[in-house]
Amino acid sequence: MTVPSPRPAGGAATADLLVHGGDVLTVDEAGTIVPDGAVVVRDGEIVEVGPAEELRARYADAEALDASGCLVLPGLVNAHTHLAMTLLRGRADDVTLQGFLERVIRWESELLSAENVATAIRVAIAESVRAGVTSALDMYWFHEAAEQVAHEAGWRLHTGPTFMDVPDPADGIAYEDRLAWARRDLAGRAPRPGTRPVLFAHSAYTLSPEQLTGIAALAREFGALLHIHAAENATEVATVEVRYGKRPVELLDSLGLLGPDLLLAHTVDLTGAEIAALARTGTSVAHCPVSNLKLGCGIAPVPRLLSAGVTVGLGTDGAVSSNTLDVLRALGLAALVHKADGDPTAVGAEQAVRMATIEGARALGLDAQLGSLEAGKRADLIVLDLGGPHLAPRHDPWSTLAYTARAEDVRDTVVDGRVLMRGRTLTTLDEGAALAELAALVSRSALA
């Protein structure tokens with residue numbers, strides 16, 4: 001599947017990075033696997049994928065990343081998370097969703113600042129890079145601070161203004177001022193490859209219908225993705241139904257919010273009519289099996305969503321509700337938990353891997369740029385070390401990823417052609433300093 005590379009004057013092919021020698025799982029539409037393959041990167045973009053021997057000869061001057069004995073695949077996409085919640089990991093366990101929210105909102109109002117979010121997100125990015133996550137959709141306060149840290153680390157972060165009509169918002173911006181603030185934020189953004197503007201509306205139980213429609217109008221004005229929690233558990237559904245006479249997804253549909261630029265998180269409690277509405281409108285879903293199980297919310301009807309043609313990506317949720325930012329763990333659970341009804345084919349290994357890569361990118365509206373290893377896409381990829389005994393023998397890479405691979409098997413992580421982790425050592429972020437800063441923050445806070 002070698003794609004001809006543009007050649008500069010003089011005839012020699014040039015590249016910045018050559019990842020070679022491993023089996024390349026492209027996750028393209030055909031599911032192409034290139035044994036002893038290579039990926040060629042120039043200016044942050046994949047320019048060729050093909051046999052290693054051929055591409056090594058053509059790009060002898062490129063920086064080399066030897067992936068012999070490894071699996072090369074697209075970087076994992078975390079389609080729903082709250083990264084800086086690493087600050088609160090372990091502080092809201094074994095409670096319901098509503099109990100979780102009561103604790104977290106109180107702590108956030110006391111603890112959060114731009115500086116503290118920056119401290120917490122450094123650890124979150126380190127954890128994500130180690131787990132092979134190259135891209136994340138992050139709904140949280142002080143997104144500007146998070147973006148600065150991600151930029152410094154060279155990591156791909158999709159974030160933007162968050163709306164949640166609570167009495168004391170963590171960032172101190174009253175709801176009445178938030179639309180104008182968000183407009184300034186969107187208007188000031190320069191287009192960047194591999195990302196798009198995003199707005200976050202927390203949910204139909206923390207925002208009124210009028211507020212939701214206003215946020216959606218702003219998102220559409222700027223071509224932004226709109227991301228909302230919806231139907232996370234039965235209590236949420238009942239709350240919205242009592243308040244507005246409609247279930248969350250029904251309400252969003254009646255307001256005209258469903259559509260290809262809307263991504264819903266969780267969608268555990270859905271009716272058949274709601275699933276049909278998501279499919280009809282092209283609305284996408286972020287499946288978060290770890291947090292849904294931990295909070296006792298239930299299991300999202302992913303097989304029915306997939307059968308209806310709904311795009312489903314994978315998310316970890318925050319490190320409070322799931323205690324981990326490991327998308328491989330979510331991938332494995334997604335491949336297993338839906339078999340509980342007696343159908344081992346409900347979500348297969350390949351489908352689960354696609355949910356963590358190309359389908360996650362599609363849910364963000366970025367599948368033309370991310371999610372698979374193909375010429376013309378951004379060079380977000382990972383190298384998975386296959387040398388562990390738990391991975392032997394290696395019959396099928398889809399199965400390996402869904403049922404046996406672990407975060408610690410990720411050896412190298414590349415974002416936009418930049419190596420952020422080489423040989424399990426982070427190259428753009430001081431992990432020790434980040435952990436020390438977080439520990440110091442916790443020790444002097446109300447959490448101590």
# chains A, B, ... in the order shown; residues from 1 in each chain; ligands from 1
>>> residues_around(residues="range 395-399 of chain A", least_positions_apart="6", cutoff="12 Å", atoms="only C-alpha atoms", output="mmCIF file with all heavy atoms, in the first residue's frame")
data_model
loop_
_atom_site.group_PDB
_atom_site.id
_atom_site.type_symbol
_atom_site.label_atom_id
_atom_site.label_comp_id
_atom_site.auth_asym_id
_atom_site.auth_seq_id
_atom_site.Cartn_x
_atom_site.Cartn_y
_atom_site.Cartn_z
ATOM 1 N N GLY A 22 8.451 -2.835 12.347
ATOM 2 C CA GLY A 22 7.365 -3.511 13.054
ATOM 3 C C GLY A 22 6.218 -3.840 12.112
ATOM 4 O O GLY A 22 6.195 -3.413 10.955
ATOM 5 N N ASP A 23 5.267 -4.596 12.592
ATOM 6 C CA ASP A 23 4.044 -4.828 11.835
ATOM 7 C C ASP A 23 3.171 -3.584 11.984
ATOM 8 O O ASP A 23 2.895 -3.132 13.101
ATOM 9 C CB ASP A 23 3.297 -6.050 12.365
ATOM 10 C CG ASP A 23 4.052 -7.349 12.124
ATOM 11 O OD1 ASP A 23 4.952 -7.365 11.263
ATOM 12 O OD2 ASP A 23 3.744 -8.341 12.798
ATOM 13 N N VAL A 24 2.740 -3.023 10.858
ATOM 14 C CA VAL A 24 1.977 -1.783 10.864
ATOM 15 C C VAL A 24 0.496 -2.097 10.707
ATOM 16 O O VAL A 24 0.061 -2.612 9.669
ATOM 17 C CB VAL A 24 2.443 -0.827 9.748
ATOM 18 C CG1 VAL A 24 1.610 0.455 9.761
ATOM 19 C CG2 VAL A 24 3.929 -0.495 9.915
ATOM 20 N N LEU A 25 -0.277 -1.808 11.751
ATOM 21 C CA LEU A 25 -1.731 -1.951 11.726
ATOM 22 C C LEU A 25 -2.300 -0.585 11.364
ATOM 23 O O LEU A 25 -2.360 0.315 12.202
ATOM 24 C CB LEU A 25 -2.244 -2.408 13.095
ATOM 25 C CG LEU A 25 -3.746 -2.641 13.227
ATOM 26 C CD1 LEU A 25 -4.192 -3.817 12.376
ATOM 27 C CD2 LEU A 25 -4.118 -2.875 14.691
ATOM 28 N N THR A 26 -2.693 -0.413 10.116
ATOM 29 C CA THR A 26 -3.053 0.919 9.633
ATOM 30 C C THR A 26 -4.417 1.393 10.136
ATOM 31 O O THR A 26 -4.662 2.586 10.238
ATOM 32 C CB THR A 26 -3.078 0.956 8.099
ATOM 33 O OG1 THR A 26 -4.116 0.092 7.622
ATOM 34 C CG2 THR A 26 -1.729 0.523 7.521
ATOM 35 N N VAL A 27 -5.319 0.455 10.426
ATOM 36 C CA VAL A 27 -6.707 0.771 10.778
ATOM 37 C C VAL A 27 -7.372 1.592 9.672
ATOM 38 O O VAL A 27 -8.234 2.433 9.922
ATOM 39 C CB VAL A 27 -6.832 1.461 12.152
ATOM 40 C CG1 VAL A 27 -8.271 1.401 12.670
ATOM 41 C CG2 VAL A 27 -5.942 0.796 13.202
ATOM 42 N N GLY A 31 -8.621 -2.459 6.749
ATOM 43 C CA GLY A 31 -7.940 -3.160 7.837
ATOM 44 C C GLY A 31 -6.565 -3.661 7.437
ATOM 45 O O GLY A 31 -6.109 -4.706 7.905
ATOM 46 N N THR A 32 -5.878 -2.902 6.598
ATOM 47 C CA THR A 32 -4.575 -3.313 6.061
ATOM 48 C C THR A 32 -3.529 -3.460 7.160
ATOM 49 O O THR A 32 -3.392 -2.594 8.018
ATOM 50 C CB THR A 32 -4.078 -2.292 5.027
ATOM 51 O OG1 THR A 32 -5.059 -2.126 4.020
ATOM 52 C CG2 THR A 32 -2.759 -2.745 4.401
ATOM 53 N N ILE A 33 -2.802 -4.557 7.102
ATOM 54 C CA ILE A 33 -1.668 -4.805 7.996
ATOM 55 C C ILE A 33 -0.442 -4.976 7.115
ATOM 56 O O ILE A 33 -0.454 -5.751 6.152
ATOM 57 C CB ILE A 33 -1.890 -6.068 8.851
ATOM 58 C CG1 ILE A 33 -3.154 -5.910 9.704
ATOM 59 C CG2 ILE A 33 -0.675 -6.336 9.736
ATOM 60 C CD1 ILE A 33 -3.588 -7.187 10.401
ATOM 61 N N VAL A 34 0.627 -4.253 7.413
ATOM 62 C CA VAL A 34 1.865 -4.351 6.644
ATOM 63 C C VAL A 34 2.921 -5.030 7.512
ATOM 64 O O VAL A 34 3.498 -4.398 8.403
ATOM 65 C CB VAL A 34 2.362 -2.961 6.197
ATOM 66 C CG1 VAL A 34 3.582 -3.106 5.291
ATOM 67 C CG2 VAL A 34 1.253 -2.187 5.487
ATOM 68 N N PRO A 35 3.195 -6.321 7.305
ATOM 69 C CA PRO A 35 4.254 -6.983 8.074
ATOM 70 C C PRO A 35 5.602 -6.362 7.746
ATOM 71 O O PRO A 35 5.866 -6.013 6.588
ATOM 72 C CB PRO A 35 4.178 -8.440 7.593
ATOM 73 C CG PRO A 35 2.847 -8.569 6.910
ATOM 74 C CD PRO A 35 2.552 -7.231 6.339
ATOM 75 N N CYS A 70 7.723 -5.155 17.227
ATOM 76 C CA CYS A 70 6.651 -4.349 17.808
ATOM 77 C C CYS A 70 5.480 -4.222 16.838
ATOM 78 O O CYS A 70 5.567 -4.611 15.669
ATOM 79 C CB CYS A 70 7.168 -2.948 18.156
ATOM 80 S SG CYS A 70 8.521 -2.909 19.356
ATOM 81 N N LEU A 71 4.408 -3.669 17.352
ATOM 82 C CA LEU A 71 3.231 -3.345 16.554
ATOM 83 C C LEU A 71 3.123 -1.832 16.475
ATOM 84 O O LEU A 71 3.152 -1.143 17.496
ATOM 85 C CB LEU A 71 1.976 -3.935 17.204
ATOM 86 C CG LEU A 71 0.643 -3.724 16.479
ATOM 87 C CD1 LEU A 71 0.641 -4.455 15.145
ATOM 88 C CD2 LEU A 71 -0.522 -4.194 17.355
ATOM 89 N N VAL A 72 3.001 -1.309 15.266
ATOM 90 C CA VAL A 72 2.836 0.126 15.041
ATOM 91 C C VAL A 72 1.372 0.370 14.686
ATOM 92 O O VAL A 72 0.822 -0.284 13.794
ATOM 93 C CB VAL A 72 3.750 0.617 13.903
ATOM 94 C CG1 VAL A 72 3.589 2.127 13.700
ATOM 95 C CG2 VAL A 72 5.202 0.264 14.189
ATOM 96 N N LEU A 73 0.743 1.290 15.376
ATOM 97 C CA LEU A 73 -0.673 1.552 15.139
ATOM 98 C C LEU A 73 -0.984 3.019 15.390
ATOM 99 O O LEU A 73 -0.162 3.744 15.955
ATOM 100 C CB LEU A 73 -1.542 0.669 16.041
ATOM 101 C CG LEU A 73 -1.477 0.901 17.555
ATOM 102 C CD1 LEU A 73 -2.848 0.631 18.186
ATOM 103 C CD2 LEU A 73 -0.439 -0.037 18.186
ATOM 104 N N LEU A 331 -10.820 0.064 25.985
ATOM 105 C CA LEU A 331 -10.922 -0.751 24.776
ATOM 106 C C LEU A 331 -11.211 -2.209 25.138
ATOM 107 O O LEU A 331 -12.120 -2.843 24.580
ATOM 108 C CB LEU A 331 -9.615 -0.622 23.982
ATOM 109 C CG LEU A 331 -9.477 -1.173 22.567
ATOM 110 C CD1 LEU A 331 -8.191 -0.643 21.949
ATOM 111 C CD2 LEU A 331 -9.468 -2.691 22.508
ATOM 112 N N GLY A 332 -10.439 -2.740 26.077
ATOM 113 C CA GLY A 332 -10.629 -4.120 26.488
ATOM 114 C C GLY A 332 -11.992 -4.363 27.097
ATOM 115 O O GLY A 332 -12.649 -5.373 26.812
ATOM 116 N N ALA A 335 -14.735 -4.457 24.511
ATOM 117 C CA ALA A 335 -14.766 -5.720 23.772
ATOM 118 C C ALA A 335 -15.338 -6.862 24.596
ATOM 119 O O ALA A 335 -15.740 -7.880 24.041
ATOM 120 C CB ALA A 335 -13.353 -6.079 23.301
ATOM 121 N N LEU A 336 -15.393 -6.689 25.914
ATOM 122 C CA LEU A 336 -15.831 -7.776 26.800
ATOM 123 C C LEU A 336 -17.231 -7.586 27.369
ATOM 124 O O LEU A 336 -18.040 -8.514 27.385
ATOM 125 C CB LEU A 336 -14.844 -7.926 27.965
ATOM 126 C CG LEU A 336 -13.464 -8.489 27.642
ATOM 127 C CD1 LEU A 336 -12.559 -8.384 28.858
ATOM 128 C CD2 LEU A 336 -13.554 -9.935 27.170
ATOM 129 N N GLY A 348 -16.701 -6.987 18.639
ATOM 130 C CA GLY A 348 -15.513 -7.787 18.396
ATOM 131 C C GLY A 348 -14.237 -7.009 18.618
ATOM 132 O O GLY A 348 -14.243 -5.788 18.814
ATOM 133 N N ALA A 349 -13.120 -7.728 18.574
ATOM 134 C CA ALA A 349 -11.815 -7.111 18.829
ATOM 135 C C ALA A 349 -11.530 -5.983 17.851
ATOM 136 O O ALA A 349 -11.118 -4.890 18.244
ATOM 137 C CB ALA A 349 -10.723 -8.176 18.763
ATOM 138 N N GLU A 350 -11.740 -6.224 16.557
ATOM 139 C CA GLU A 350 -11.448 -5.178 15.575
ATOM 140 C C GLU A 350 -12.345 -3.967 15.789
ATOM 141 O O GLU A 350 -11.883 -2.825 15.712
ATOM 142 C CB GLU A 350 -11.613 -5.707 14.151
ATOM 143 C CG GLU A 350 -11.318 -4.636 13.100
ATOM 144 C CD GLU A 350 -11.325 -5.141 11.670
ATOM 145 O OE1 GLU A 350 -11.261 -6.373 11.459
ATOM 146 O OE2 GLU A 350 -11.377 -4.298 10.748
ATOM 147 N N GLN A 351 -13.612 -4.188 16.063
ATOM 148 C CA GLN A 351 -14.521 -3.065 16.299
ATOM 149 C C GLN A 351 -14.073 -2.234 17.495
ATOM 150 O O GLN A 351 -14.101 -1.004 17.462
ATOM 151 C CB GLN A 351 -15.940 -3.576 16.542
ATOM 152 C CG GLN A 351 -16.956 -2.481 16.783
ATOM 153 C CD GLN A 351 -17.170 -1.585 15.576
ATOM 154 O OE1 GLN A 351 -17.628 -2.063 14.541
ATOM 155 N NE2 GLN A 351 -16.829 -0.313 15.682
ATOM 156 N N ALA A 352 -13.644 -2.906 18.563
ATOM 157 C CA ALA A 352 -13.200 -2.183 19.755
ATOM 158 C C ALA A 352 -11.959 -1.352 19.465
ATOM 159 O O ALA A 352 -11.843 -0.207 19.923
ATOM 160 C CB ALA A 352 -12.927 -3.167 20.891
ATOM 161 N N VAL A 353 -11.018 -1.904 18.697
ATOM 162 C CA VAL A 353 -9.809 -1.150 18.333
ATOM 163 C C VAL A 353 -10.190 0.063 17.492
ATOM 164 O O VAL A 353 -9.648 1.169 17.676
ATOM 165 C CB VAL A 353 -8.811 -2.051 17.588
ATOM 166 C CG1 VAL A 353 -7.631 -1.223 17.059
ATOM 167 C CG2 VAL A 353 -8.298 -3.161 18.507
ATOM 168 N N ARG A 354 -11.107 -0.127 16.578
ATOM 169 C CA ARG A 354 -11.549 1.003 15.748
ATOM 170 C C ARG A 354 -12.220 2.082 16.591
ATOM 171 O O ARG A 354 -12.051 3.281 16.335
ATOM 172 C CB ARG A 354 -12.493 0.500 14.651
ATOM 173 C CG ARG A 354 -11.774 -0.299 13.562
ATOM 174 C CD ARG A 354 -12.688 -0.701 12.421
ATOM 175 N NE ARG A 354 -11.943 -1.377 11.377
ATOM 176 C CZ ARG A 354 -11.249 -0.764 10.419
ATOM 177 N NH1 ARG A 354 -11.223 0.557 10.380
ATOM 178 N NH2 ARG A 354 -10.590 -1.454 9.519
ATOM 179 N N MET A 355 -12.980 1.683 17.601
ATOM 180 C CA MET A 355 -13.607 2.664 18.480
ATOM 181 C C MET A 355 -12.569 3.514 19.189
ATOM 182 O O MET A 355 -12.797 4.698 19.464
ATOM 183 C CB MET A 355 -14.500 1.943 19.501
ATOM 184 C CG MET A 355 -15.787 1.382 18.900
ATOM 185 S SD MET A 355 -16.589 0.144 19.946
ATOM 186 C CE MET A 355 -16.949 1.097 21.406
ATOM 187 N N ALA A 356 -11.407 2.936 19.485
ATOM 188 C CA ALA A 356 -10.345 3.654 20.194
ATOM 189 C C ALA A 356 -9.463 4.477 19.261
ATOM 190 O O ALA A 356 -8.620 5.239 19.743
ATOM 191 C CB ALA A 356 -9.476 2.663 20.962
ATOM 192 N N LEU A 384 3.908 -0.458 20.072
ATOM 193 C CA LEU A 384 3.586 -1.360 21.167
ATOM 194 C C LEU A 384 4.586 -2.509 21.179
ATOM 195 O O LEU A 384 4.704 -3.245 20.202
ATOM 196 C CB LEU A 384 2.168 -1.908 20.992
ATOM 197 C CG LEU A 384 1.577 -2.641 22.191
ATOM 198 C CD1 LEU A 384 0.892 -1.646 23.117
ATOM 199 C CD2 LEU A 384 0.570 -3.685 21.743
ATOM 200 N N ASP A 385 5.314 -2.646 22.278
ATOM 201 C CA ASP A 385 6.312 -3.702 22.425
ATOM 202 C C ASP A 385 5.599 -5.042 22.584
ATOM 203 O O ASP A 385 4.821 -5.245 23.513
ATOM 204 C CB ASP A 385 7.177 -3.401 23.649
ATOM 205 C CG ASP A 385 8.338 -4.361 23.819
ATOM 206 O OD1 ASP A 385 8.392 -5.388 23.108
ATOM 207 O OD2 ASP A 385 9.197 -4.092 24.677
ATOM 208 N N LEU A 386 5.877 -5.972 21.683
ATOM 209 C CA LEU A 386 5.219 -7.278 21.701
ATOM 210 C C LEU A 386 6.051 -8.354 22.395
ATOM 211 O O LEU A 386 5.747 -9.543 22.290
ATOM 212 C CB LEU A 386 4.907 -7.724 20.267
ATOM 213 C CG LEU A 386 3.919 -6.848 19.498
ATOM 214 C CD1 LEU A 386 3.803 -7.312 18.050
ATOM 215 C CD2 LEU A 386 2.561 -6.831 20.159
ATOM 216 N N ALA A 405 -3.187 -6.645 25.508
ATOM 217 C CA ALA A 405 -2.243 -5.527 25.628
ATOM 218 C C ALA A 405 -2.547 -4.664 26.843
ATOM 219 O O ALA A 405 -3.693 -4.525 27.272
ATOM 220 C CB ALA A 405 -2.267 -4.671 24.366
#
>>> select_by_dssp(residues="range 76-279 of chain A", states="strand (DSSP E)", output="CSV table (one decimal) with N, CA and C atoms, in the first residue's frame")
chain,number,residue,atom,x,y,z
A,76,LEU,N,-4.1,6.4,20.2
A,76,LEU,CA,-5.4,6.2,20.7
A,76,LEU,C,-6.1,7.5,21.0
A,77,VAL,N,-7.4,7.6,20.7
A,77,VAL,CA,-8.2,8.9,20.9
A,77,VAL,C,-9.1,8.7,22.1
A,78,ASN,N,-8.9,9.6,23.0
A,78,ASN,CA,-9.8,9.6,24.2
A,78,ASN,C,-10.9,10.6,23.9
A,79,ALA,N,-12.1,10.1,23.6
A,79,ALA,CA,-13.2,10.9,23.1
A,79,ALA,C,-14.0,11.5,24.2
A,80,HIS,N,-13.7,11.3,25.5
A,80,HIS,CA,-14.4,12.0,26.6
A,80,HIS,C,-13.6,11.9,27.8
A,81,THR,N,-13.1,13.0,28.4
A,81,THR,CA,-12.3,13.0,29.6
A,81,THR,C,-12.4,14.3,30.3
A,133,VAL,N,-2.0,7.3,24.3
A,133,VAL,CA,-3.1,8.2,24.0
A,133,VAL,C,-2.5,9.5,23.4
A,134,THR,N,-2.8,9.7,22.1
A,134,THR,CA,-2.2,10.9,21.4
A,134,THR,C,-3.1,12.1,21.3
A,135,SER,N,-4.4,11.9,21.7
A,135,SER,CA,-5.4,12.9,21.4
A,135,SER,C,-6.5,12.7,22.4
A,136,ALA,N,-7.0,13.9,23.0
A,136,ALA,CA,-8.1,13.8,23.9
A,136,ALA,C,-9.0,14.9,23.8
A,137,LEU,N,-10.3,14.6,24.0
A,137,LEU,CA,-11.4,15.7,24.1
A,137,LEU,C,-11.6,15.9,25.6
A,138,ASP,N,-11.2,17.1,26.0
A,138,ASP,CA,-11.2,17.4,27.5
A,138,ASP,C,-12.1,18.5,27.9
A,156,ARG,N,-1.7,16.5,21.6
A,156,ARG,CA,-2.9,17.0,20.9
A,156,ARG,C,-4.1,17.0,21.8
A,157,LEU,N,-4.5,18.2,22.2
A,157,LEU,CA,-5.6,18.4,23.1
A,157,LEU,C,-6.8,19.2,22.4
A,158,HIS,N,-8.0,18.6,22.5
A,158,HIS,CA,-9.2,19.3,21.9
A,158,HIS,C,-10.0,19.8,23.1
A,162,THR,N,-16.2,25.7,28.7
A,162,THR,CA,-17.2,24.8,29.3
A,162,THR,C,-18.3,25.6,29.9
A,163,PHE,N,-19.6,25.2,29.7
A,163,PHE,CA,-20.7,25.8,30.3
A,163,PHE,C,-21.4,24.9,31.3
A,198,VAL,N,-14.0,23.7,19.9
A,198,VAL,CA,-14.9,22.9,20.7
A,198,VAL,C,-15.6,23.7,21.7
A,199,LEU,N,-16.9,23.5,21.9
A,199,LEU,CA,-17.6,24.0,23.1
A,199,LEU,C,-18.2,22.9,23.9
A,200,PHE,N,-18.2,23.1,25.2
A,200,PHE,CA,-18.7,22.0,26.1
A,200,PHE,C,-19.9,22.5,26.9
A,201,ALA,N,-21.1,21.9,26.7
A,201,ALA,CA,-22.3,22.2,27.5
A,201,ALA,C,-22.4,21.0,28.5
A,225,LEU,N,-17.3,21.8,17.3
A,225,LEU,CA,-17.9,20.6,17.9
A,225,LEU,C,-18.6,20.9,19.2
A,226,LEU,N,-19.8,20.4,19.5
A,226,LEU,CA,-20.5,20.6,20.7
A,226,LEU,C,-20.5,19.3,21.5
A,227,HIS,N,-20.0,19.3,22.7
A,227,HIS,CA,-19.9,18.0,23.5
A,227,HIS,C,-20.8,18.2,24.8
A,228,ILE,N,-21.6,17.1,25.0
A,228,ILE,CA,-22.6,17.2,26.1
A,228,ILE,C,-22.7,15.8,26.8
A,229,HIS,N,-22.7,15.8,28.2
A,229,HIS,CA,-23.1,14.6,28.9
A,229,HIS,C,-24.6,14.3,28.6
A,230,ALA,N,-25.0,13.0,28.4
A,230,ALA,CA,-26.4,12.8,28.2
A,230,ALA,C,-26.7,11.3,28.6
A,262,LEU,N,-22.4,17.2,17.0
A,262,LEU,CA,-22.7,17.0,18.4
A,262,LEU,C,-22.2,15.6,18.8
A,263,LEU,N,-21.4,15.6,19.9
A,263,LEU,CA,-20.9,14.3,20.5
A,263,LEU,C,-21.4,14.2,21.9
A,264,LEU,N,-22.1,13.1,22.2
A,264,LEU,CA,-22.7,12.9,23.5
A,264,LEU,C,-21.8,11.9,24.3
A,265,ALA,N,-21.6,12.2,25.5
A,265,ALA,CA,-20.9,11.3,26.4
A,265,ALA,C,-21.8,10.4,27.2
A,266,HIS,N,-21.5,9.1,27.2
A,266,HIS,CA,-22.1,8.1,28.0
A,266,HIS,C,-23.3,7.4,27.4
>>> residues_around(residues="Thr283 in chain A", least_positions_apart="6", cutoff="6 Å", atoms="only C-alpha atoms", output="CSV table (one decimal) with N, CA, C and O atoms, in the first residue's frame")
chain,number,residue,atom,x,y,z
A,258,LEU,N,-29.4,17.8,18.1
A,258,LEU,CA,-28.7,16.5,17.5
A,258,LEU,C,-28.2,16.8,16.1
A,258,LEU,O,-28.8,17.6,15.4
A,259,GLY,N,-27.1,16.2,15.8
A,259,GLY,CA,-26.5,16.4,14.5
A,259,GLY,C,-25.1,16.0,14.4
A,259,GLY,O,-24.5,15.6,15.4
A,260,PRO,N,-24.4,16.0,13.2
A,260,PRO,CA,-23.1,15.5,13.1
A,260,PRO,C,-22.0,16.3,13.8
A,260,PRO,O,-20.9,15.8,14.0
A,262,LEU,N,-22.4,17.2,17.0
A,262,LEU,CA,-22.7,17.0,18.4
A,262,LEU,C,-22.2,15.6,18.8
A,262,LEU,O,-22.4,14.6,18.1
>>> closest_residue(among="A:Ala363, A:Leu207, A:Ala67, A:Val129", to="Asp380 in chain A", atoms="only C-alpha atoms")
A:Val129
>>> atom_distance(atom1="CA of Asp66 in chain A", atom2="CA of His20 in chain A")
5.3 Å
>>> residues_around(residues="Ala375 in chain A", least_positions_apart="3", cutoff="6 Å", atoms="only C-alpha atoms", output="VMD selection string")
chain A and resid 46 to 48
>>> write_last_selection(atoms="N, CA and C atoms", output="CSV table (one decimal), in the first residue's frame")
chain,number,residue,atom,x,y,z
A,46,ILE,N,1.9,12.0,7.7
A,46,ILE,CA,2.3,10.8,7.1
A,46,ILE,C,2.4,10.9,5.6
A,47,VAL,N,3.5,10.6,5.0
A,47,VAL,CA,3.7,10.7,3.5
A,47,VAL,C,3.7,9.3,2.8
A,48,GLU,N,4.1,8.3,3.5
A,48,GLU,CA,4.1,6.9,3.0
A,48,GLU,C,3.9,5.9,4.1
>>> atom_distance(atom1="CA of Met139 in chain A", atom2="CA of Asp261 in chain A")
15.8 Å
>>> residues_around(residues="Leu306 in chain A", least_positions_apart="2", cutoff="10 Å", atoms="only C-alpha atoms", output="mmCIF file with C-alpha atoms, in the first residue's frame")
data_model
loop_
_atom_site.group_PDB
_atom_site.id
_atom_site.type_symbol
_atom_site.label_atom_id
_atom_site.label_comp_id
_atom_site.auth_asym_id
_atom_site.auth_seq_id
_atom_site.Cartn_x
_atom_site.Cartn_y
_atom_site.Cartn_z
ATOM 1 C CA ILE A 275 -31.082 5.415 19.223
ATOM 2 C CA ALA A 279 -28.588 7.523 13.825
ATOM 3 C CA PRO A 301 -26.343 -0.168 24.454
ATOM 4 C CA VAL A 302 -23.314 -0.040 22.175
ATOM 5 C CA PRO A 303 -24.219 -3.058 19.992
ATOM 6 C CA ARG A 304 -27.592 -1.460 19.231
ATOM 7 C CA ALA A 308 -28.115 1.517 13.870
ATOM 8 C CA GLY A 309 -25.051 3.142 12.304
ATOM 9 C CA VAL A 310 -24.159 5.509 15.137
ATOM 10 C CA THR A 311 -20.479 6.454 15.385
ATOM 11 C CA VAL A 312 -19.109 5.313 18.754
ATOM 12 C CA ALA A 346 -21.593 -8.155 20.177
ATOM 13 C CA VAL A 347 -18.447 -5.997 19.994
ATOM 14 C CA GLN A 351 -14.521 -3.065 16.299
#
>>> residues_around(residues="range 313-323 of chain A", least_positions_apart="4", cutoff="7 Å", atoms="only C-alpha atoms", output="list of chain:residue names")
A:Asn78, A:Ala79, A:His80, A:Thr81, A:His82, A:Leu83, A:Met85, A:Thr86, A:Leu88, A:Arg89, A:Gly90, A:Arg91, A:Ala92, A:Val285, A:Ala286, A:His287, A:Cys288, A:Val290, A:Ser291, A:Lys294, A:Leu295, A:Val327, A:Ala330, A:Met355, A:Ala356, A:Glu359, A:Gly360, A:Ala363
>>> residues_around(residues="Cys297 in chain A", least_positions_apart="5", cutoff="9 Å", atoms="only C-alpha atoms", output="PDB file with N, CA and C atoms, in the first residue's frame")
ATOM      1  N   THR A  96     -22.602   6.810  43.909  1.00  0.00           N
ATOM      2  CA  THR A  96     -23.393   6.977  42.697  1.00  0.00           C
ATOM      3  C   THR A  96     -22.910   8.198  41.924  1.00  0.00           C
ATOM      4  N   LEU A  97     -23.415   8.328  40.711  1.00  0.00           N
ATOM      5  CA  LEU A  97     -23.084   9.511  39.914  1.00  0.00           C
ATOM      6  C   LEU A  97     -23.466  10.786  40.647  1.00  0.00           C
ATOM      7  N   GLU A 232     -26.589   9.557  31.329  1.00  0.00           N
ATOM      8  CA  GLU A 232     -25.522   8.778  31.962  1.00  0.00           C
ATOM      9  C   GLU A 232     -26.081   7.720  32.912  1.00  0.00           C
ATOM     10  N   ASN A 233     -27.193   8.018  33.563  1.00  0.00           N
ATOM     11  CA  ASN A 233     -27.840   6.989  34.381  1.00  0.00           C
ATOM     12  C   ASN A 233     -29.328   7.281  34.493  1.00  0.00           C
ATOM     13  N   ALA A 234     -30.052   6.362  35.126  1.00  0.00           N
ATOM     14  CA  ALA A 234     -31.507   6.491  35.204  1.00  0.00           C
ATOM     15  C   ALA A 234     -31.938   7.697  36.022  1.00  0.00           C
ATOM     16  N   VAL A 268     -25.995   5.921  28.412  1.00  0.00           N
ATOM     17  CA  VAL A 268     -26.249   4.589  28.977  1.00  0.00           C
ATOM     18  C   VAL A 268     -27.726   4.231  28.892  1.00  0.00           C
ATOM     19  N   ASP A 269     -28.593   5.199  29.213  1.00  0.00           N
ATOM     20  CA  ASP A 269     -30.034   4.955  29.313  1.00  0.00           C
ATOM     21  C   ASP A 269     -30.729   5.517  28.080  1.00  0.00           C
ATOM     22  N   SER A 291     -15.953   4.146  33.744  1.00  0.00           N
ATOM     23  CA  SER A 291     -16.655   5.001  34.708  1.00  0.00           C
ATOM     24  C   SER A 291     -18.119   4.596  34.835  1.00  0.00           C
ATOM     25  N   ASN A 292     -18.749   4.178  33.741  1.00  0.00           N
ATOM     26  CA  ASN A 292     -20.149   3.756  33.821  1.00  0.00           C
ATOM     27  C   ASN A 292     -20.323   2.575  34.759  1.00  0.00           C
TER      28      ASN A 292
END
>>> select_by_dssp(residues="range 76-324 of chain A", states="helix (DSSP H, G or I)", output="number ranges by chain")
A: 83-88, 97-111, 114-130, 143-153, 175-187, 209-221, 234-244, 248-254, 272-281, 289-294, 302-308
>>> closest_residue(among="A:Val149, A:Leu112, A:Leu420, A:Ala238", to="Ala124 in chain A", atoms="only C-alpha atoms")
A:Val149
